[in-house]
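my_file36.cif (mmCIF, C-alpha atoms) appears below.
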data_upload
loop_
_atom_site.label_atom_id
_atom_site.label_comp_id
_atom_site.auth_asym_id
_atom_site.auth_seq_id
_atom_site.Cartn_x
_atom_site.Cartn_y
_atom_site.Cartn_z
CA MET A 1051 -9.64 -20.87 -10.32
CA GLU A 1052 -10.73 -22.54 -7.12
CA TYR A 1053 -12.76 -20.56 -4.66
CA ARG A 1054 -12.81 -21.26 -0.96
CA LYS A 1055 -16.12 -21.47 0.85
CA ILE A 1056 -16.41 -18.71 3.35
CA LYS A 1057 -18.40 -19.49 6.45
CA ASP A 1058 -19.66 -16.63 8.57
CA GLU A 1059 -22.20 -16.33 11.29
CA ASP A 1060 -25.20 -14.05 11.00
CA ASN A 1061 -26.87 -12.22 13.86
CA ASP A 1062 -28.94 -15.31 14.75
CA GLY A 1063 -25.85 -17.48 14.94
CA GLY A 1064 -26.77 -19.46 11.79
CA THR A 1065 -24.64 -20.23 8.77
CA VAL A 1066 -24.75 -17.82 5.88
CA SER A 1067 -24.25 -18.74 2.21
CA ASP A 1068 -20.98 -19.52 0.43
CA ASP A 1069 -18.93 -16.73 -1.03
CA ILE A 1070 -20.31 -14.55 -3.81
CA GLU A 1071 -18.51 -16.36 -6.61
CA ASN A 1072 -20.09 -19.70 -5.64
CA LEU A 1073 -23.54 -18.13 -5.25
CA ARG A 1074 -23.75 -17.45 -8.97
CA GLY A 1075 -23.69 -21.11 -9.90
CA LYS A 1076 -26.12 -22.52 -7.33
CA GLY A 1077 -29.79 -22.39 -6.60
CA PHE A 1078 -31.01 -20.90 -3.33
CA SER A 1079 -34.23 -20.08 -1.61
CA GLY A 1080 -35.60 -16.56 -1.94
CA ALA A 1081 -34.38 -15.61 1.53
CA SER A 1082 -30.78 -16.58 0.72
CA VAL A 1083 -30.73 -14.83 -2.65
CA SER A 1084 -32.03 -11.63 -1.12
CA ASN A 1085 -28.90 -11.49 1.07
CA VAL A 1086 -26.58 -11.24 -1.93
CA PRO A 1087 -27.24 -7.58 -2.88
CA VAL A 1088 -26.92 -6.61 0.78
CA ARG A 1089 -23.51 -8.32 1.05
CA GLU A 1090 -22.38 -6.77 -2.25
CA GLN A 1091 -23.48 -3.33 -1.06
CA SER A 1092 -21.68 -3.79 2.25
CA LYS A 1093 -18.55 -4.94 0.41
CA TRP A 1094 -18.69 -1.91 -1.90
CA LYS A 1095 -19.08 0.50 1.04
CA ARG A 1096 -16.14 -1.07 2.87
CA LYS A 1097 -13.98 -0.87 -0.25
CA THR A 1098 -14.93 2.79 -0.75
CA VAL A 1099 -14.17 3.74 2.86
CA VAL A 1100 -10.71 2.13 2.95
CA THR A 1101 -9.81 3.59 -0.47
CA LEU A 1102 -10.82 7.12 0.56
CA ALA A 1103 -8.93 6.69 3.85
CA LEU A 1104 -5.80 5.61 1.96
CA THR A 1105 -6.07 8.57 -0.42
CA PHE A 1106 -6.44 11.05 2.44
CA LEU A 1107 -3.64 9.55 4.53
CA THR A 1108 -1.25 9.31 1.57
CA SER A 1109 -1.92 12.89 0.47
CA SER A 1110 -1.01 14.19 3.94
CA GLN A 1111 2.00 11.87 4.22
CA ALA A 1112 4.36 13.91 2.02
CA ILE A 1113 3.36 17.13 3.79
CA LEU A 1114 4.21 15.69 7.20
CA ILE A 1115 7.55 14.41 5.88
CA VAL A 1116 8.43 17.91 4.65
CA TRP A 1117 7.39 19.44 7.98
CA SER A 1118 9.48 16.89 9.88
CA LYS A 1119 12.67 18.25 8.31
CA ARG A 1120 14.72 21.01 9.92
CA ALA A 1121 16.86 23.17 7.65
CA GLY A 1122 16.13 20.69 4.86
CA LYS A 1123 17.51 17.71 6.79
CA TYR A 1124 16.19 14.90 8.93
CA GLU A 1125 17.46 15.34 12.46
CA TYR A 1126 15.93 12.04 13.50
CA SER A 1127 16.93 8.57 12.31
CA VAL A 1128 14.72 7.49 9.42
CA THR A 1129 15.32 3.80 10.20
CA THR A 1130 14.14 4.20 13.82
CA ALA A 1131 11.05 6.01 12.55
CA ASN A 1132 10.32 3.12 10.17
CA PHE A 1133 10.76 0.66 13.04
CA LEU A 1134 8.29 2.62 15.18
CA VAL A 1135 5.81 2.67 12.28
CA GLU A 1136 5.89 -1.13 12.11
CA THR A 1137 5.64 -1.37 15.90
CA LEU A 1138 2.61 0.93 15.98
CA LYS A 1139 0.90 -0.96 13.17
CA CYS A 1140 1.45 -4.20 15.09
CA ALA A 1141 0.06 -2.64 18.30
CA LEU A 1142 -3.03 -1.27 16.49
CA SER A 1143 -3.69 -4.68 14.94
CA LEU A 1144 -3.47 -6.32 18.37
CA ALA A 1145 -5.80 -3.69 19.86
CA ALA A 1146 -8.34 -4.35 17.11
CA LEU A 1147 -8.05 -8.08 17.71
CA ALA A 1148 -8.53 -7.65 21.47
CA ARG A 1149 -11.77 -5.80 20.79
CA ILE A 1150 -12.95 -8.56 18.44
CA TRP A 1151 -12.05 -11.27 20.93
CA LYS A 1152 -14.04 -9.42 23.61
CA THR A 1153 -17.19 -9.11 21.51
CA GLU A 1154 -17.08 -12.22 19.31
CA GLY A 1155 -14.75 -14.57 21.18
CA VAL A 1156 -11.73 -16.39 19.78
CA THR A 1157 -12.46 -18.30 16.57
CA GLU A 1158 -10.43 -20.27 14.05
CA ASP A 1159 -10.24 -17.20 11.79
CA ASN A 1160 -9.24 -14.58 14.38
CA ARG A 1161 -6.85 -16.53 16.61
CA LEU A 1162 -3.17 -15.53 16.48
CA SER A 1163 -1.89 -19.09 16.60
CA THR A 1164 -1.09 -20.34 13.12
CA THR A 1165 0.79 -22.95 11.15
CA LEU A 1166 4.29 -22.74 9.74
CA ASP A 1167 2.91 -23.01 6.20
CA GLU A 1168 0.77 -19.90 6.75
CA VAL A 1169 3.33 -17.74 8.52
CA ILE A 1170 6.40 -18.64 6.47
CA VAL A 1171 5.25 -16.46 3.54
CA TYR A 1172 5.06 -13.23 5.56
CA PRO A 1173 8.82 -12.46 5.76
CA ILE A 1174 9.09 -12.26 1.95
CA PRO A 1175 7.35 -8.87 1.38
CA ALA A 1176 9.12 -7.45 4.47
CA ALA A 1177 12.50 -8.46 3.04
CA LEU A 1178 11.62 -7.04 -0.38
CA TYR A 1179 10.60 -3.69 1.09
CA LEU A 1180 13.82 -3.60 3.16
CA VAL A 1181 15.98 -4.07 0.04
CA LYS A 1182 13.93 -1.47 -1.85
CA ASN A 1183 14.28 1.06 0.98
CA LEU A 1184 18.04 0.49 1.16
CA LEU A 1185 18.36 0.99 -2.61
CA GLN A 1186 16.43 4.24 -2.20
CA TYR A 1187 19.41 5.73 -0.36
CA TYR A 1188 21.91 4.75 -3.05
CA ILE A 1189 19.92 5.81 -6.12
CA PHE A 1190 20.38 9.46 -5.16
CA ALA A 1191 24.04 9.08 -6.08
CA TYR A 1192 22.87 8.92 -9.71
CA VAL A 1193 19.67 10.99 -9.87
CA ASP A 1194 18.37 14.12 -8.16
CA ALA A 1195 15.10 14.32 -6.20
CA PRO A 1196 12.87 15.51 -9.11
CA GLY A 1197 14.30 12.81 -11.36
CA TYR A 1198 13.68 10.21 -8.68
CA GLN A 1199 10.02 11.23 -8.38
CA ILE A 1200 9.60 10.74 -12.13
CA LEU A 1201 11.39 7.36 -12.17
CA LYS A 1202 9.18 6.21 -9.27
CA ASN A 1203 6.26 6.14 -11.69
CA LEU A 1204 7.74 2.96 -13.14
CA ASN A 1205 6.04 1.36 -10.11
CA ILE A 1206 2.69 1.88 -11.83
CA ILE A 1207 3.60 -0.21 -14.87
CA SER A 1208 5.43 -2.88 -12.85
CA THR A 1209 2.40 -3.32 -10.58
CA GLY A 1210 0.09 -3.83 -13.57
CA VAL A 1211 2.41 -6.37 -15.22
CA LEU A 1212 3.06 -8.35 -12.00
CA TYR A 1213 -0.65 -8.18 -11.09
CA ARG A 1214 -1.35 -10.00 -14.37
CA ILE A 1215 1.52 -12.52 -14.04
CA ILE A 1216 1.30 -13.44 -10.33
CA LEU A 1217 -2.41 -13.14 -9.57
CA LYS A 1218 -3.52 -14.20 -13.08
CA LYS A 1219 -5.95 -11.27 -13.09
CA LYS A 1220 -6.78 -10.11 -16.59
CA LEU A 1221 -7.08 -6.41 -17.38
CA SER A 1222 -9.07 -5.30 -20.41
CA GLU A 1223 -7.39 -3.38 -23.23
CA ILE A 1224 -9.11 -0.21 -22.03
CA GLN A 1225 -7.74 -0.76 -18.51
CA TRP A 1226 -4.20 -1.27 -19.84
CA ALA A 1227 -4.54 1.96 -21.82
CA ALA A 1228 -5.82 3.68 -18.66
CA PHE A 1229 -2.82 2.34 -16.72
CA ILE A 1230 -0.34 3.74 -19.25
CA LEU A 1231 -2.19 7.05 -19.21
CA LEU A 1232 -1.99 7.07 -15.40
CA CYS A 1233 1.79 6.66 -15.55
CA ALA A 1234 2.05 9.40 -18.22
CA GLY A 1235 -0.27 11.71 -16.27
CA CYS A 1236 1.63 11.35 -12.99
CA THR A 1237 4.92 11.94 -14.80
CA THR A 1238 3.58 15.01 -16.63
CA ALA A 1239 2.23 16.49 -13.39
CA GLN A 1240 5.73 16.29 -11.88
CA LEU A 1241 7.59 17.94 -14.76
CA ASN A 1242 9.57 21.11 -14.11
CA SER A 1243 12.42 23.07 -15.69
CA ARG A 1244 14.96 20.48 -14.50
CA SER A 1245 13.02 17.38 -15.55
CA ASP A 1246 15.00 16.90 -18.77
CA HIS A 1247 17.96 15.88 -16.61
CA VAL A 1248 16.24 12.54 -15.98
CA LEU A 1249 17.09 11.55 -19.56
CA GLN A 1250 20.77 11.93 -18.65
CA THR A 1251 20.51 9.48 -15.76
CA PRO A 1252 23.45 7.02 -15.85
CA LEU A 1253 22.78 3.36 -16.63
CA GLN A 1254 23.28 2.44 -12.95
CA GLY A 1255 20.48 4.86 -12.00
CA TRP A 1256 18.07 3.36 -14.53
CA ILE A 1257 18.89 -0.17 -13.41
CA MET A 1258 18.31 0.72 -9.75
CA ALA A 1259 15.05 2.51 -10.59
CA ILE A 1260 13.77 -0.52 -12.53
CA VAL A 1261 14.84 -2.93 -9.76
CA MET A 1262 13.11 -0.75 -7.15
CA ALA A 1263 9.94 -0.62 -9.25
CA LEU A 1264 9.93 -4.40 -9.64
CA LEU A 1265 10.60 -4.95 -5.92
CA SER A 1266 7.82 -2.55 -4.94
CA GLY A 1267 5.36 -4.03 -7.43
CA PHE A 1268 6.21 -7.63 -6.53
CA ALA A 1269 6.00 -6.93 -2.78
CA GLY A 1270 2.59 -5.30 -3.19
CA VAL A 1271 1.14 -8.00 -5.44
CA TYR A 1272 2.63 -10.80 -3.33
CA THR A 1273 1.17 -9.25 -0.17
CA GLU A 1274 -2.25 -9.15 -1.82
CA ALA A 1275 -1.88 -12.80 -2.82
CA ILE A 1276 -1.09 -14.02 0.71
CA ILE A 1277 -3.78 -11.81 2.29
CA LYS A 1278 -6.44 -13.16 -0.09
CA LYS A 1279 -5.20 -16.76 0.06
CA ARG A 1280 -7.47 -17.31 3.06
CA PRO A 1281 -10.40 -14.90 2.58
CA SER A 1282 -12.10 -15.69 5.89
CA ARG A 1283 -8.92 -15.01 7.91
CA ASN A 1284 -9.24 -11.85 9.99
CA ILE A 1285 -7.23 -9.01 8.41
CA ASN A 1286 -5.83 -7.96 11.79
CA VAL A 1287 -4.24 -11.39 12.30
CA GLN A 1288 -2.65 -11.21 8.85
CA ASN A 1289 -1.46 -7.68 9.55
CA PHE A 1290 0.04 -8.74 12.87
CA TRP A 1291 2.28 -11.35 11.25
CA LEU A 1292 3.22 -8.99 8.41
CA TYR A 1293 4.22 -6.26 10.84
CA ILE A 1294 6.10 -8.57 13.21
CA PHE A 1295 8.47 -9.43 10.37
CA GLY A 1296 8.47 -5.78 9.32
CA MET A 1297 9.75 -4.87 12.79
CA ALA A 1298 12.46 -7.53 12.56
CA PHE A 1299 13.72 -6.38 9.17
CA ASN A 1300 13.64 -2.71 10.17
CA ALA A 1301 15.67 -3.59 13.26
CA VAL A 1302 18.23 -5.05 10.84
CA ALA A 1303 18.14 -1.77 8.90
CA ILE A 1304 18.93 0.17 12.09
CA LEU A 1305 21.94 -2.08 12.74
CA ILE A 1306 23.17 -1.63 9.17
CA GLN A 1307 22.67 2.11 8.72
CA ASP A 1308 22.27 3.97 12.00
CA PHE A 1309 23.67 1.81 14.78
CA ASP A 1310 26.44 4.26 15.79
CA ALA A 1311 24.11 7.28 15.63
CA VAL A 1312 21.47 5.53 17.76
CA VAL A 1313 24.03 4.45 20.34
CA ASN A 1314 25.70 7.87 20.56
CA LYS A 1315 22.67 10.19 20.27
CA GLY A 1316 19.79 8.01 21.45
CA PHE A 1317 16.90 6.24 19.73
CA PHE A 1318 14.57 9.26 19.80
CA HIS A 1319 17.14 11.94 18.97
CA GLY A 1320 15.64 14.70 16.80
CA TYR A 1321 12.03 13.60 17.29
CA SER A 1322 9.30 16.25 17.49
CA VAL A 1323 5.51 16.46 17.56
CA ILE A 1324 5.48 16.52 13.75
CA THR A 1325 7.68 13.41 13.66
CA THR A 1326 5.21 11.65 15.94
CA LEU A 1327 2.29 12.66 13.72
CA MET A 1328 4.23 11.46 10.67
CA ILE A 1329 4.79 8.05 12.29
CA LEU A 1330 1.08 7.81 13.18
CA ASN A 1331 0.16 8.77 9.61
CA HIS A 1332 2.49 6.13 8.14
CA ALA A 1333 1.11 3.48 10.48
CA LEU A 1334 -2.52 4.24 9.59
CA SER A 1335 -1.57 4.41 5.88
CA GLY A 1336 0.04 0.98 6.10
CA ILE A 1337 -3.07 -0.52 7.68
CA ALA A 1338 -5.23 1.18 5.04
CA VAL A 1339 -3.03 -0.31 2.28
CA SER A 1340 -3.46 -3.83 3.65
CA MET A 1341 -7.22 -3.34 3.88
CA VAL A 1342 -7.36 -2.08 0.29
CA MET A 1343 -5.48 -5.24 -0.75
CA LYS A 1344 -7.87 -7.39 1.29
CA TYR A 1345 -11.12 -5.82 0.12
CA ALA A 1346 -10.04 -4.35 -3.25
CA ASP A 1347 -6.71 -4.89 -5.04
CA ASN A 1348 -3.33 -3.39 -5.96
CA ILE A 1349 -4.80 -1.56 -8.96
CA VAL A 1350 -7.11 0.41 -6.65
CA LYS A 1351 -4.10 1.13 -4.41
CA VAL A 1352 -2.10 2.52 -7.36
CA TYR A 1353 -4.95 4.81 -8.41
CA SER A 1354 -5.53 5.91 -4.82
CA THR A 1355 -1.88 6.89 -4.26
CA SER A 1356 -1.71 8.60 -7.67
CA VAL A 1357 -4.74 10.77 -6.90
CA ALA A 1358 -3.22 11.45 -3.46
CA MET A 1359 -0.10 12.83 -5.17
CA LEU A 1360 -2.23 15.40 -6.99
CA LEU A 1361 -4.09 16.33 -3.78
CA THR A 1362 -0.74 16.82 -2.04
CA ALA A 1363 0.33 19.29 -4.72
CA VAL A 1364 -2.91 21.27 -4.38
CA VAL A 1365 -2.64 21.45 -0.58
CA SER A 1366 1.03 22.47 -0.91
CA VAL A 1367 -0.09 25.62 -2.73
CA PHE A 1368 -1.64 26.90 0.50
CA LEU A 1369 0.90 25.47 2.95
CA PHE A 1370 4.21 25.99 1.15
CA GLY A 1371 3.42 28.45 -1.64
CA PHE A 1372 3.86 25.73 -4.25
CA GLN A 1373 3.26 27.00 -7.79
CA LEU A 1374 1.00 24.85 -9.96
CA THR A 1375 2.26 24.69 -13.53
CA LEU A 1376 0.58 24.01 -16.84
CA ALA A 1377 2.23 20.57 -16.80
CA PHE A 1378 0.48 19.83 -13.48
CA PHE A 1379 -2.96 20.71 -14.85
CA LEU A 1380 -2.33 18.65 -18.00
CA GLY A 1381 -1.10 15.72 -15.89
CA ALA A 1382 -4.10 15.98 -13.53
CA THR A 1383 -6.43 15.92 -16.55
CA VAL A 1384 -4.75 12.81 -17.95
CA VAL A 1385 -4.98 11.08 -14.53
CA SER A 1386 -8.70 11.94 -14.34
CA VAL A 1387 -9.27 10.47 -17.82
CA SER A 1388 -7.32 7.38 -16.74
CA VAL A 1389 -9.54 6.89 -13.67
CA TYR A 1390 -12.65 7.19 -15.86
CA LEU A 1391 -11.31 4.75 -18.48
CA HIS A 1392 -10.35 2.22 -15.81
CA SER A 1393 -13.88 2.34 -14.36
CA ALA A 1394 -15.41 2.06 -17.85
CA GLY A 1395 -13.11 -0.84 -18.70
CA LYS A 1396 -14.16 -2.63 -15.52
CA LEU A 1397 -17.83 -2.39 -16.49
CA GLN A 1398 -17.13 -3.80 -19.96
CA ARG A 1399 -15.22 -6.86 -18.72
#
Take the structure I supplied and represent it as structure tokens, if you would.
Amino acid sequence: MEYRKIKDEDNDGGTVSDDIENLRGKGFSGASVSNVPVREQSKWKRKTVVTLALTFLTSSQAILIVWSKRAGKYEYSVTTANFLVETLKCALSLAALARIWKTEGVTEDNRLSTTLDEVIVYPIPAALYLVKNLLQYYIFAYVDAPGYQILKNLNIISTGVLYRIILKKKLSEIQWAAFILLCAGCTTAQLNSRSDHVLQTPLQGWIMAIVMALLSGFAGVYTEAIIKKRPSRNINVQNFWLYIFGMAFNAVAILIQDFDAVVNKGFFHGYSVITTLMILNHALSGIAVSMVMKYADNIVKVYSTSVAMLLTAVVSVFLFGFQLTLAFFLGATVVSVSVYLHSAGKLQR
């Protein structure tokens, strides 16, 4: 695999060393080598912060979605909410860039201007997510909500497989076992008295669930690939172009699904304070996901969102009187073992 040379400027304005992978094969002076552990430590801290942020934001996401309903229904248009999420993410990325431009100036890596070859890849994940989100409405014709939550765990396996195929990243046998355990643990934690109905899902439901899992996994892995294609490129610039196309495709979704409702009732019909908080949460979660992909990978994202699911269930006990079952505790235990095995497998690679 070829590795790009990453050029950064240190506090004195000088040139720092090449990227970590290239450092291992070259000789350096003592001063240069001493910078490597510092950079690794900084990288680890950044990865930890964005992962914890994603876990926290994702765990509160489902709670805000439940609170945004009235009498069990969404009074607002879901497509307009998705459009506003993309718009807010784009605005936050621009605000971050403006701050960088003010302090560091405009450079080759943080300028918005780009080439067609770089920007042409960004519409692909946006289009994939649009198709997946549209399928999400139709799958409920074949499965109920609990069954859908269980089938969603197919995303875990699809992400692992596509991560190996597209990014050529090899997982150890222990990590594959941990991944399967993660899928089993998440599924077990979601079991209830009606869960057996998922086995009676019609063939159309299974096909749609598998297609959605593949679309979600491919979109995530592909996004990671294009974000990491140019490591020195500022993440806010990459986010801006991703979200611009996200806005465009969500505008298409509004025209397809809710055009009449938006025209007759208004764009912000049914919105409340909770809806606004939910949109803010989704926007920050989206930015956290892209940062996890930039500084970590899709595997970390999968584990983060899986742990967030368990945290959501625990918080729901206090907020909604949710009853934790034996299946939940067994599933949480399996997920914990999976996290440990994945970490152990990483050390043995």
Spatial neighbours of Pro1175 in chain A, max dist 9 Å, all atoms listed in the file, sep filter under 6 positions, as a PDB file with C-alpha atoms, keeping the file's coordinate frame:
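Generated output (around_13.pdb):
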ATOM      1  CA  LEU A1265      10.600  -4.950  -5.920  1.00  0.00           C
ATOM      2  CA  SER A1266       7.820  -2.550  -4.940  1.00  0.00           C
ATOM      3  CA  PHE A1268       6.210  -7.630  -6.530  1.00  0.00           C
ATOM      4  CA  ALA A1269       6.000  -6.930  -2.780  1.00  0.00           C
ATOM      5  CA  GLY A1270       2.590  -5.300  -3.190  1.00  0.00           C
ATOM      6  CA  TYR A1272       2.630 -10.800  -3.330  1.00  0.00           C
ATOM      7  CA  THR A1273       1.170  -9.250  -0.170  1.00  0.00           C
ATOM      8  CA  LEU A1292       3.220  -8.990   8.410  1.00  0.00           C
ATOM      9  CA  GLY A1296       8.470  -5.780   9.320  1.00  0.00           C
TER      10      GLY A1296
END
Check your understanding: So which residues touch range 1100-1103 of chain A within 9 Å, counting only C-alpha atoms, skipping near sequence neighbours fewer than 3 positions away, as a PyMOL selection string?
Key -> chain A and resi 1095-1097+1106-1108+1334-1335+1338-1339+1341-1342+1345-1346+1350-1351+1354
Review point. Counting all atoms listed in the file, which of A:Val1193, A:Val1287, A:Ile1224, A:Val1271 gets nearest to Leu1249 in chain A?
Key: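 Nearest to Leu1249 in chain A: A:Val1193.
Excluding range 1157-1173 of chain A itself and any same-chain residue fewer than 2 positions from it, the protein and nucleic acid residues within 7 Å of it, counting all atoms listed in the file, are Gly1155, Pro1175, Ala1176, Ala1177, Ser1282, Arg1283, Asn1284, Val1287, Trp1291, Leu1292 and Phe1295 of chain A.
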Practice item. Find the distance between CA of Leu1134 in chain A and CA of Val1116 in chain A and write it in Å to one decimal. Key: 18.6 Å
Revision key, fill the gap. Shortest contact to Phe1378 in chain A, candidates A:Asn1314, A:Ser1110, A:Ser1208, A:Gln1240, atoms counted all atoms listed in the file, goes to A:Gln1240
Exercise for review: Given the file shown, enumerate the residues that the PyMOL selection byres ((chain A and resi 1302-1304) around 9) captures and present them as number ranges by chain.
Suggested key: A: 1127-1130, 1133, 1180, 1184, 1297-1301, 1305-1309, 1312
Saved selection, atoms kept: C-alpha atoms, as a compact mmCIF listing (two decimals), keeping the file's coordinate frame:
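The resulting file, result_26.txt, is shown below:
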# COMPACT_ATOMS: atom_id res chain seq x y z
CA SER A 1127 16.93 8.57 12.31
CA VAL A 1128 14.72 7.49 9.42
CA THR A 1129 15.32 3.80 10.20
CA THR A 1130 14.14 4.20 13.82
CA PHE A 1133 10.76 0.66 13.04
CA LEU A 1180 13.82 -3.60 3.16
CA LEU A 1184 18.04 0.49 1.16
CA MET A 1297 9.75 -4.87 12.79
CA ALA A 1298 12.46 -7.53 12.56
CA PHE A 1299 13.72 -6.38 9.17
CA ASN A 1300 13.64 -2.71 10.17
CA ALA A 1301 15.67 -3.59 13.26
CA LEU A 1305 21.94 -2.08 12.74
CA ILE A 1306 23.17 -1.63 9.17
CA GLN A 1307 22.67 2.11 8.72
CA ASP A 1308 22.27 3.97 12.00
CA PHE A 1309 23.67 1.81 14.78
CA VAL A 1312 21.47 5.53 17.76
Take every atom of range 1347-1350 of chain A listed in the file, pad by 6 Å on each side, and give me the axis-aligned box centre and edge lengths in Å, one decimal, as JSON.
{"center_x": -5.2, "center_y": -2.2, "center_z": -7.0, "size_x": 15.8, "size_y": 17.3, "size_z": 15.9}
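Across the structure, CA of Leu1201 in chain A and CA of Thr1355 in chain A are spaced 15.5 Å apart.
Remark: for Leu1138 in chain A, the closest of the candidate residues A:Leu1330, A:Ala1382, A:Val1364, A:Leu1376 is A:Leu1330 (distances computed over only C-alpha atoms).
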Review point. CA of Leu1204 in chain A and CA of His1247 in chain A, how far apart in Å?
Key: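 These two atoms are separated by 16.8 Å.
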Review point. Pick from A:Ser1109, A:Lys1139, A:Tyr1126, A:Ala1333: nearest to Lys1315 in chain A, with all atoms listed in the file counted?
Key: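 Under the stated criterion, the closest residue is A:Tyr1126.
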Practice item. List the residues matched by the PyMOL selection byres ((chain A and resi 1316-1324) around 9) in the displayed structure as a list in words, ordered by chain and then by residue number. Key: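 Going through the file, the PyMOL selection byres ((chain A and resi 1316-1324) around 9) ends up selecting Leu1114, Ile1115, Trp1117, Ser1118, Tyr1124, Glu1125, Tyr1126, Ser1127, Thr1130, Ala1131, Ala1311, Val1312, Val1313, Asn1314, Lys1315, Thr1325, Thr1326, Leu1327, Met1328 and Ile1329 of chain A.
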